[in-house]
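Participant: Take a look at protein-v4.txt, compact mmCIF, C-alpha atoms and all ligand atoms:
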# COMPACT_ATOMS: atom_id res chain seq x y z
CA MET A 124 97.28 11.07 57.56
CA GLU A 125 95.27 7.86 56.97
CA GLN A 126 95.18 6.11 60.29
CA LYS A 127 93.91 2.56 60.40
CA GLU A 128 94.73 1.92 64.01
CA LYS A 129 92.65 3.40 66.80
CA ILE A 130 94.94 4.62 69.52
CA ILE A 131 94.12 6.20 72.86
CA LEU A 132 96.46 8.42 74.78
CA THR A 133 95.66 10.35 77.91
CA GLY A 134 97.21 11.21 81.22
CA ASP A 135 97.34 13.24 84.40
CA ARG A 136 99.80 15.44 86.20
CA PRO A 137 100.95 13.61 89.33
CA THR A 138 100.42 16.46 91.76
CA GLY A 139 98.07 14.67 94.15
CA LYS A 140 96.07 11.54 94.71
CA LEU A 141 93.16 11.11 92.32
CA HIS A 142 89.65 11.90 93.54
CA ILE A 143 86.15 10.95 92.46
CA GLY A 144 86.10 13.95 90.11
CA HIS A 145 88.91 12.28 88.17
CA TYR A 146 86.98 9.04 88.36
CA VAL A 147 83.75 10.24 86.74
CA GLY A 148 85.57 12.75 84.52
CA SER A 149 88.06 10.35 83.00
CA LEU A 150 89.15 7.21 84.87
CA ARG A 151 85.86 5.34 84.65
CA ARG A 152 85.66 5.97 80.91
CA ARG A 153 89.28 4.90 80.39
CA VAL A 154 88.59 1.55 82.01
CA GLU A 155 85.50 1.09 79.81
CA LEU A 156 87.49 1.99 76.69
CA GLN A 157 90.27 -0.35 77.75
CA ASN A 158 87.79 -3.21 78.10
CA SER A 159 85.78 -2.36 74.98
CA GLY A 160 88.24 -4.07 72.65
CA LEU A 161 87.71 -1.24 70.14
CA TYR A 162 91.22 0.19 70.41
CA ASN A 163 94.45 -1.22 69.09
CA LYS A 164 96.61 0.53 71.65
CA ILE A 165 95.98 2.42 74.86
CA PHE A 166 98.53 4.64 76.56
CA VAL A 167 97.90 6.26 79.93
CA PHE A 168 100.73 8.28 81.36
CA GLU A 169 101.80 10.44 84.25
CA ALA A 170 102.79 13.90 83.02
CA ASP A 171 105.47 14.44 85.66
CA ALA A 172 107.54 16.76 83.47
CA GLN A 173 104.46 18.86 82.77
CA ALA A 174 103.69 18.90 86.51
CA LEU A 175 107.14 20.39 87.10
CA THR A 176 106.36 23.33 84.82
CA ASP A 177 104.49 24.96 87.68
CA ASN A 178 105.85 23.05 90.66
CA ILE A 179 109.52 23.77 90.30
CA ASP A 180 109.61 24.97 93.92
CA ASN A 181 108.29 21.58 95.03
CA PRO A 182 109.63 18.75 92.86
CA GLU A 183 109.31 16.36 95.77
CA LYS A 184 105.53 16.68 95.58
CA VAL A 185 105.60 15.38 92.03
CA ARG A 186 108.04 12.60 92.90
CA GLN A 187 105.87 11.38 95.81
CA ASN A 188 102.69 11.42 93.77
CA VAL A 189 103.96 9.32 90.89
CA ILE A 190 103.34 6.16 92.92
CA GLU A 191 100.03 7.47 94.34
CA VAL A 192 98.63 8.08 90.87
CA ALA A 193 99.93 4.73 89.63
CA LEU A 194 98.11 3.04 92.52
CA ASP A 195 94.95 5.00 91.73
CA TYR A 196 95.16 3.94 88.06
CA LEU A 197 95.56 0.29 88.93
CA ALA A 198 92.93 0.46 91.67
CA ALA A 199 90.41 2.04 89.29
CA GLY A 200 90.83 -0.92 86.96
CA LEU A 201 93.46 0.04 84.42
CA ASP A 202 95.06 -3.26 83.54
CA PRO A 203 98.75 -3.20 82.62
CA THR A 204 98.27 -6.18 80.31
CA LYS A 205 95.88 -4.08 78.20
CA THR A 206 97.01 -0.51 78.84
CA THR A 207 100.54 0.84 78.66
CA LEU A 208 101.13 2.85 81.82
CA PHE A 209 104.18 5.09 81.63
CA ILE A 210 105.89 8.21 82.92
CA GLN A 211 106.48 11.21 80.66
CA SER A 212 109.99 12.09 81.89
CA GLN A 213 111.28 8.66 80.92
CA ILE A 214 110.64 9.24 77.22
CA PRO A 215 113.38 11.65 76.07
CA GLU A 216 112.03 11.57 72.50
CA LEU A 217 109.19 13.79 73.74
CA CYS A 218 111.69 16.62 74.23
CA GLU A 219 113.00 16.09 70.74
CA LEU A 220 109.58 16.30 69.11
CA SER A 221 108.65 19.31 71.27
CA PHE A 222 111.77 21.08 70.02
CA TYR A 223 110.61 20.80 66.42
CA PHE A 224 107.01 21.59 67.32
CA MET A 225 108.18 24.87 68.86
CA ASP A 226 108.86 26.11 65.34
CA MET A 227 105.21 25.59 64.39
CA VAL A 228 103.56 27.83 67.00
CA SER A 229 103.73 31.57 67.53
CA VAL A 230 103.96 33.31 70.89
CA SER A 231 100.64 35.05 70.27
CA ARG A 232 98.94 31.75 69.47
CA LEU A 233 100.11 30.38 72.82
CA GLN A 234 98.96 33.56 74.56
CA ARG A 235 95.50 33.01 73.13
CA ASN A 236 95.21 29.47 74.52
CA PRO A 237 92.31 29.87 77.00
CA THR A 238 93.52 27.14 79.35
CA VAL A 239 96.98 28.70 79.60
CA LYS A 240 95.36 32.11 80.10
CA THR A 241 93.30 30.99 83.09
CA GLU A 242 96.16 29.02 84.56
CA ILE A 243 98.46 32.02 84.34
CA GLN A 244 95.85 34.08 86.22
CA MET A 245 95.23 31.31 88.77
CA ARG A 246 98.92 31.04 89.57
CA GLY A 247 99.36 34.78 89.82
CA PHE A 248 102.12 34.86 87.21
CA ASN A 249 102.43 38.26 85.66
CA GLY A 250 104.04 39.09 82.34
CA GLU A 251 107.71 38.32 82.45
CA SER A 252 107.56 36.00 85.48
CA ILE A 253 105.85 33.18 83.59
CA PRO A 254 108.27 30.26 83.33
CA VAL A 255 108.97 29.53 79.66
CA GLY A 256 108.37 25.82 80.22
CA PHE A 257 104.98 26.55 81.69
CA PHE A 258 104.01 28.94 78.92
CA THR A 259 104.98 26.39 76.28
CA TYR A 260 103.50 23.28 77.88
CA PRO A 261 100.74 23.09 75.23
CA ILE A 262 103.53 22.40 72.73
CA SER A 263 104.95 19.65 74.87
CA GLN A 264 101.44 18.27 75.31
CA ALA A 265 100.97 18.26 71.53
CA ALA A 266 104.15 16.18 71.35
CA ASP A 267 102.77 13.75 73.99
CA ILE A 268 99.74 13.15 71.82
CA ALA A 269 101.35 13.18 68.38
CA MET A 270 104.24 10.95 69.46
CA PHE A 271 101.88 8.03 70.02
CA LYS A 272 99.75 8.81 66.95
CA ALA A 273 96.73 9.02 69.22
CA THR A 274 93.41 9.17 67.39
CA THR A 275 91.43 9.60 70.58
CA VAL A 276 92.20 11.61 73.70
CA PRO A 277 89.68 11.09 76.50
CA ALA A 278 89.83 14.27 78.59
CA GLY A 279 87.81 17.03 80.23
CA ASP A 280 86.61 20.08 78.31
CA ASP A 281 89.47 22.12 79.83
CA GLN A 282 91.76 20.11 77.54
CA GLU A 283 89.89 21.13 74.38
CA PRO A 284 92.23 24.10 73.66
CA MET A 285 95.20 21.75 74.03
CA LEU A 286 93.74 19.36 71.48
CA GLU A 287 92.99 22.21 69.09
CA GLN A 288 96.57 23.41 69.43
CA CYS A 289 97.83 19.88 68.83
CA ARG A 290 95.74 19.48 65.68
CA GLU A 291 97.09 22.80 64.35
CA ILE A 292 100.67 21.76 64.98
CA VAL A 293 100.18 18.34 63.41
CA ARG A 294 98.49 19.90 60.38
CA ARG A 295 101.34 22.36 60.00
CA PHE A 296 103.93 19.61 60.35
CA ASN A 297 102.20 17.41 57.77
CA ASN A 298 101.86 20.34 55.37
CA ILE A 299 105.53 21.14 55.53
CA TYR A 300 107.03 17.66 55.72
CA GLY A 301 104.34 15.41 54.26
CA ASP A 302 101.81 13.18 55.99
CA THR A 303 103.51 11.76 59.03
CA LEU A 304 101.55 12.54 62.18
CA VAL A 305 97.91 12.06 63.15
CA GLU A 306 95.32 14.68 64.13
CA PRO A 307 93.66 13.57 67.38
CA ASN A 308 90.05 13.93 68.53
CA ILE A 309 88.99 14.66 72.08
CA LEU A 310 86.54 12.31 73.75
CA LEU A 311 84.56 14.28 76.34
CA PRO A 312 82.77 12.80 79.37
CA GLU A 313 79.21 11.76 78.56
CA ASN A 314 77.14 13.88 80.96
CA ALA A 315 77.36 17.38 82.38
CA ALA A 316 77.71 16.22 85.99
CA CYS A 317 80.81 14.27 84.95
CA LEU A 318 82.35 17.12 83.01
CA ARG A 319 83.38 18.92 86.15
CA LEU A 320 82.33 17.43 89.43
CA PRO A 321 82.02 20.18 92.07
CA GLY A 322 83.74 19.92 95.45
CA THR A 323 81.84 18.63 98.50
CA ASP A 324 81.43 22.29 99.52
CA GLY A 325 79.59 23.08 96.28
CA LYS A 326 82.53 25.05 94.85
CA ALA A 327 83.05 24.71 91.10
CA LYS A 328 85.89 22.21 91.26
CA MET A 329 87.39 19.60 93.53
CA SER A 330 90.79 20.75 94.57
CA LYS A 331 93.23 19.67 97.18
CA SER A 332 93.89 23.22 98.33
CA LEU A 333 90.18 23.80 98.99
CA GLY A 334 89.96 20.56 101.02
CA ASN A 335 86.74 19.61 99.23
CA CYS A 336 87.78 16.31 97.64
CA ILE A 337 86.68 12.75 98.10
CA TYR A 338 89.73 10.67 97.22
CA LEU A 339 89.62 7.23 95.64
CA SER A 340 91.87 6.13 98.50
CA ASP A 341 89.62 7.54 101.29
CA SER A 342 88.35 4.96 103.79
CA ALA A 343 84.63 4.15 103.95
CA ASP A 344 84.35 6.24 107.14
CA GLU A 345 86.07 9.23 105.57
CA VAL A 346 83.74 9.09 102.59
CA ASN A 347 80.63 8.92 104.78
CA LYS A 348 81.85 11.78 106.94
CA LYS A 349 82.46 13.94 103.87
CA VAL A 350 79.02 13.16 102.43
CA LYS A 351 77.30 13.97 105.74
CA THR A 352 78.69 17.49 105.76
CA MET A 353 78.17 18.04 102.04
CA TYR A 354 76.70 21.23 100.63
CA THR A 355 73.05 20.86 99.52
CA ASP A 356 70.40 23.54 99.15
CA PRO A 357 70.69 26.47 101.57
CA LEU A 358 66.96 27.27 101.06
CA HIS A 359 65.86 23.77 102.06
CA LEU A 360 65.64 24.42 105.80
CA GLN A 361 62.61 22.33 106.77
CA VAL A 362 61.95 18.91 105.31
CA ASN A 363 58.70 20.21 103.85
CA ASP A 364 60.28 23.18 102.08
CA PRO A 365 60.56 22.69 98.32
CA GLY A 366 64.15 21.76 97.50
CA HIS A 367 66.34 22.94 94.64
CA LEU A 368 68.42 20.65 92.46
CA GLU A 369 70.40 23.36 90.71
CA GLY A 370 73.81 23.65 92.40
CA ASN A 371 72.85 20.95 94.89
CA THR A 372 76.02 18.93 95.21
CA VAL A 373 74.32 15.78 96.48
CA PHE A 374 72.17 15.60 93.36
CA THR A 375 75.06 16.49 91.07
CA TYR A 376 76.97 13.55 92.54
CA LEU A 377 73.92 11.29 92.22
CA ASP A 378 73.68 12.30 88.55
CA ALA A 379 77.31 11.36 88.09
CA PHE A 380 77.26 8.08 90.02
CA ALA A 381 73.82 6.62 90.60
CA THR A 382 71.97 4.34 88.22
CA ASP A 383 68.19 3.96 88.45
CA GLU A 384 68.77 0.34 89.35
CA GLN A 385 70.74 1.49 92.41
CA VAL A 386 68.09 4.04 93.36
CA ALA A 387 65.47 1.31 93.26
CA ARG A 388 67.65 -1.07 95.25
CA TYR A 389 68.74 1.35 97.98
CA THR A 390 65.47 3.26 98.53
CA THR A 391 61.99 1.99 99.29
CA ASP A 392 60.07 4.82 97.62
CA TYR A 393 61.67 5.48 94.25
CA ALA A 394 62.20 3.48 91.08
CA THR A 395 64.33 6.14 89.39
CA LEU A 396 66.53 9.06 90.36
CA GLN A 397 64.03 11.34 88.64
CA GLU A 398 61.26 10.23 91.01
CA MET A 399 63.45 11.09 93.95
CA LYS A 400 64.31 14.48 92.45
CA ASP A 401 60.61 15.20 91.91
CA HIS A 402 59.88 14.47 95.55
CA TYR A 403 62.78 16.68 96.68
CA THR A 404 61.57 19.56 94.51
CA ARG A 405 57.96 19.22 95.75
CA GLY A 406 59.15 19.23 99.36
CA GLY A 407 58.92 16.56 102.02
CA LEU A 408 62.21 14.80 101.34
CA GLY A 409 65.05 15.45 103.79
CA ASP A 410 68.68 15.95 102.78
CA MET A 411 69.84 13.09 104.96
CA LYS A 412 67.84 10.54 102.98
CA CYS A 413 69.47 11.73 99.79
CA LYS A 414 72.87 11.63 101.43
CA LYS A 415 72.25 8.08 102.66
CA LEU A 416 71.58 7.00 99.08
CA LEU A 417 74.70 8.79 97.89
CA MET A 418 76.81 7.10 100.57
CA ALA A 419 75.52 3.68 99.53
CA VAL A 420 76.16 4.36 95.86
CA LEU A 421 79.64 5.77 96.48
CA GLN A 422 80.61 2.85 98.68
CA GLU A 423 79.49 0.41 96.02
CA VAL A 424 81.77 2.12 93.50
CA LEU A 425 84.68 2.78 95.83
CA GLU A 426 84.90 -0.46 97.79
CA PRO A 427 86.34 -2.59 94.95
CA ILE A 428 88.73 0.26 94.13
CA ARG A 429 89.91 0.38 97.77
CA GLN A 430 90.40 -3.38 97.80
CA ARG A 431 92.44 -3.40 94.61
CA ARG A 432 94.55 -0.52 95.91
CA ALA A 433 95.25 -2.40 99.15
CA GLU A 434 96.45 -5.40 97.13
CA TYR A 435 98.85 -3.32 95.02
CA GLU A 436 100.09 -1.44 98.12
CA LYS A 437 101.41 -4.75 99.46
CA ASP A 438 104.03 -4.86 96.71
CA ILE A 439 105.15 -1.34 95.79
CA PRO A 440 108.33 -2.48 93.97
CA ALA A 441 106.08 -4.47 91.64
CA VAL A 442 104.11 -1.32 90.85
CA TYR A 443 107.33 0.52 89.91
CA GLU A 444 108.17 -2.51 87.77
CA ILE A 445 104.81 -2.18 85.95
CA LEU A 446 105.68 1.46 85.23
CA ARG A 447 109.20 0.59 84.10
CA LYS A 448 107.90 -2.00 81.65
CA GLY A 449 105.28 0.47 80.41
CA CYS A 450 108.01 3.04 79.82
CA GLU A 451 109.91 0.51 77.71
CA VAL A 452 106.89 -0.17 75.52
CA ALA A 453 106.10 3.56 75.20
CA ARG A 454 109.73 4.36 74.39
CA ALA A 455 109.79 1.79 71.58
CA ALA A 456 106.69 3.40 70.07
CA ALA A 457 108.22 6.87 70.49
CA CYS A 458 111.46 5.80 68.79
CA GLU A 459 109.48 4.49 65.84
CA THR A 460 107.61 7.78 65.43
CA MET A 461 110.82 9.81 65.80
CA ASP A 462 112.46 7.76 63.05
CA GLU A 463 109.55 8.65 60.78
CA VAL A 464 109.70 12.30 61.86
CA ARG A 465 113.44 12.55 61.17
CA ARG A 466 112.95 10.88 57.80
CA ALA A 467 110.10 13.26 56.92
CA MET A 468 112.18 16.26 58.01
CA LYS A 469 115.15 14.86 56.09
CA ILE A 470 117.44 15.18 59.07
CA ASN A 471 118.24 11.48 58.98
CA TYR A 472 121.51 12.39 57.19
CA PHE A 473 123.41 9.19 57.79
CA ASP A 474 120.61 6.92 56.53
CA ASP A 475 120.10 9.03 53.44
CA ARG A 476 122.31 7.38 50.78
CA ALA A 477 120.86 9.60 48.07
CA LEU A 478 121.87 12.72 49.96
CA ILE A 479 125.40 11.52 50.56
CA GLU A 480 125.87 10.49 46.92
CA GLU A 481 124.34 13.74 45.64
CA GLN A 482 126.69 15.78 47.81
CA ALA A 483 129.64 13.64 46.72
CA ARG A 484 128.82 14.32 43.05
CA ARG A 485 128.39 18.01 43.71
CA PHE A 486 131.85 18.35 45.23
CA GLN A 487 133.59 16.18 42.60
CA LYS A 488 132.72 18.60 39.77
N1 LIG A 501 97.26 18.55 80.85
C1 LIG A 501 96.76 17.32 81.42
C2 LIG A 501 96.29 17.62 82.84
O1 LIG A 501 96.56 18.68 83.36
C3 LIG A 501 97.82 16.24 81.46
C4 LIG A 501 98.34 15.87 80.12
C5 LIG A 501 99.62 16.06 79.66
C6 LIG A 501 97.61 15.24 79.07
N2 LIG A 501 99.75 15.61 78.42
C7 LIG A 501 98.55 15.09 77.99
C8 LIG A 501 96.31 14.80 78.90
C9 LIG A 501 98.18 14.52 76.77
C10 LIG A 501 95.92 14.23 77.68
C11 LIG A 501 96.87 14.09 76.64
O2 LIG A 501 95.68 16.78 83.45
Starting from the coordinates I provided, produce the structure as structure tokens.

Facilitator:
Amino acid sequence: MEQKEKIILTGDRPTGKLHIGHYVGSLRRRVELQNSGLYNKIFVFEADAQALTDNIDNPEKVRQNVIEVALDYLAAGLDPTKTTLFIQSQIPELCELSFYFMDMVSVSRLQRNPTVKTEIQMRGFNGESIPVGFFTYPISQAADIAMFKATTVPAGDDQEPMLEQCREIVRRFNNIYGDTLVEPNILLPENAACLRLPGTDGKAKMSKSLGNCIYLSDSADEVNKKVKTMYTDPLHLQVNDPGHLEGNTVFTYLDAFATDEQVARYTTDYATLQEMKDHYTRGGLGDMKCKKLLMAVLQEVLEPIRQRRAEYEKDIPAVYEILRKGCEVARAAACETMDEVRRAMKINYFDDRALIEEQARRFQK
């Protein structure tokens, strides 16, 4: 399908407040894209229905986090006058498109989706106990993307299999029914540190259950406390020991957050992060100095976010109103696409004069 417009769609499951891993992995980039002026439309949504697919025993968690994530979005700099912020469950057309998409995917293709595979293992589902809605969420996610004719989906590399699945479904749909929907591209984070920020304990991923997150809504004191106890290099016992950068969380975070300009401004000895790394590797640079720099850099990023959040928190009904308006805009776009889909599938019976007349002729013979 020829697509002249450039459209972004991306989102998150509202299962917890957003942390700095979300920030470097996706939020920061979204705000840049929003302000770049290169995109005709930008949709950012909360995948609450998808969150329910594996939280059915705790729907209240999802309900409570819808507002938290909305506040995090706004605090991070998403601007509702430029970006349509909406909630998945409020767009019933998504169910409709998913229903037709289900005919375009086989069970074995879903079973081969690597993200679903790992998630099934992580959640300890075995065989028959996998909820159908959970198993099929890649289909629903394909509908999320295709519904808005997204050309560009900024997301982490864990979403790559979802995008691949979406492209396959769209291709299949267009082959059967004619060019209607758009094949999306993923837009990955720019550097490796941002791809998956480790937890403060050095574990592979920030996760609420591991208690190793720095949240966007953490106070300055909380952030500093978390940085002070952060995992570094277990072999770097004395200041003069040579330090290791590999797997050193402080340096991974510095890679993700610090600019050379900040390194030069906040330290007396280094003009670039590389110079500081060299010193650390040679030996003679203590962890605390590196942590002090990280604290300064994090506070510089997080302080404006905290302030914006505090402003929005003063008027929560207004935040729900932003979401409601966003849902209206998103729904209008979804209705437009569904009209095209029904026309392409020729299930728009009552608008199809030719069909009605043809059938009339057939029965008059
Ligand atoms: N699966 C994504 C996550 O877990 C959320 C999501 C749902 C999404 N639908 C999407 C992301 C469409 C990008 C595009 O965070």

Participant: Using Å and a single decimal, report how far atom CA of Val276 of chain A sits from atom CA of Ile309 of chain A.

Facilitator: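 Taking atom CA of Ile309 of chain A and atom CA of Val276 of chain A, their separation equals 4.7 Å.
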
Participant: If you count all atoms listed in the file, which residues fall within 9 Å of segment 176-184 of chain A, apart from same-chain ones fewer than 4 positions away, as a ChimeraX atom specification?

Facilitator: /A:137-139,171-172,188-189,246,254-258,260

Participant: Counting only C-alpha atoms, what are the residues of segment 130-189 of chain A within 12 Å of segment 410-432 of chain A, and for each of them which pair of atoms is the nearest and at what distance in Å, to one decimal? Sort the table by chain and rising number, as JSON lines.

Facilitator:
{"residue": "A:Leu141", "atom": "CA", "partner": "A:Ile428", "partner_atom": "CA", "distance": 11.9}
{"residue": "A:His142", "atom": "CA", "partner": "A:Leu425", "partner_atom": "CA", "distance": 10.6}
{"residue": "A:Ile143", "atom": "CA", "partner": "A:Leu425", "partner_atom": "CA", "distance": 9.0}
{"residue": "A:Tyr146", "atom": "CA", "partner": "A:Leu425", "partner_atom": "CA", "distance": 10.0}
{"residue": "A:Val147", "atom": "CA", "partner": "A:Val424", "partner_atom": "CA", "distance": 10.7}
{"residue": "A:Leu150", "atom": "CA", "partner": "A:Ile428", "partner_atom": "CA", "distance": 11.6}
{"residue": "A:Arg151", "atom": "CA", "partner": "A:Val424", "partner_atom": "CA", "distance": 10.3}

Participant: Please provide as a ChimeraX atom specification all residues within 9 Å of Val386 of chain A, with the sequence filter that same-chain residues fewer than 5 positions apart are discarded (counting all atoms listed in the file).

Facilitator: /A:381,391,393-396,399,416,420

Participant: In Å, with one decimal, what is the gap from atom CA of Thr259 of chain A to atom CA of Ser212 of chain A?

Facilitator: 16.2 Å

Participant: Could you tell me how far atom CA of Arg447 of chain A sits from atom CA of Ile210 of chain A, in Å to one decimal place?

Facilitator: 8.4 Å

Participant: List as a PyMOL selection string the protein and nucleic acid residues near segment 327-329 of chain A, meaning an atom at most 12 Å away when all atoms listed in the file are counted, but skip any in the same chain fewer than 2 places from it.

Facilitator: chain A and resi 139-146+148+281+316-325+331-338+354+370-372+375

Participant: Around all the atoms of ligand LIG 501 (chain A) listed in the file, draw an axis-aligned box and extend it by 5 Å on each of the six sides; I want its centre and edge lengths in Å to one decimal, as JSON.

Facilitator:
{"center_x": 97.7, "center_y": 16.4, "center_z": 80.0, "size_x": 14.1, "size_y": 14.6, "size_z": 16.8}

Participant: Find the residues around Thr303 of chain A up to 10 Å (only C-alpha atoms counted), leave out those fewer than 4 positions away in its own chain, and share them as a list in words.

Facilitator: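 Listing them by chain and then by number gives Met124, Glu125, Ala269, Lys272, Val293, Arg294, Phe296, Asn297, Asn298, Thr460, Glu463, Val464, Arg466, Ala467 and Met468 of chain A.
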
Participant: What's around Cys450 of chain A at 9 Å? Count only C-alpha atoms, leave out sequence neighbours fewer than 2 positions away in its own chain, and write the answer as a PyMOL selection string.

Facilitator: chain A and resi 207-211+213-214+445-448+452-455

Participant: Looking at A:Cys289, A:Leu233, A:Cys218, A:Met225, which one is nearest to ligand LIG 501 (chain A), with distances taken over all atoms listed in the file?

Facilitator: A:Cys289

Participant: Kindly indicate which residue among A:Asp438, A:Glu155, A:Asp267, A:Asp364 lies nearest to Met285 of chain A, using all atoms listed in the file for the distances.

Facilitator: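 Nearest to Met285 of chain A: A:Asp267.
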
Participant: Measuring between all atoms listed in the file, which one of A:Gln157, A:Glu169, A:Leu478, A:Ile131 shows the shortest distance to Gly449 of chain A?

Facilitator: A:Glu169

Participant: Calculated over all atoms listed in the file, which of the candidates A:Ile190, A:Leu408, A:Leu304, A:Ala433 has the smallest distance to Ile268 of chain A?

Facilitator: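 The answer is A:Leu304, which sits nearest to Ile268 of chain A.
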
Participant: Taking only C-alpha atoms and all ligand atoms into account, which of A:Thr206, A:Ser149, A:Gln264, A:Ser221 comes nearest ligand LIG 501 (chain A)?

Facilitator: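 Going through A:Thr206, A:Ser149, A:Gln264, A:Ser221 one by one, the smallest distance to ligand LIG 501 (chain A) is for A:Gln264.
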
Participant: Which is closest to ligand LIG 501 (chain A) among A:Ile165, A:Ala278, A:Ala199, A:Val239, if we use only C-alpha atoms and all ligand atoms?

Facilitator: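 Smallest separation from ligand LIG 501 (chain A) among the options: A:Ala278.
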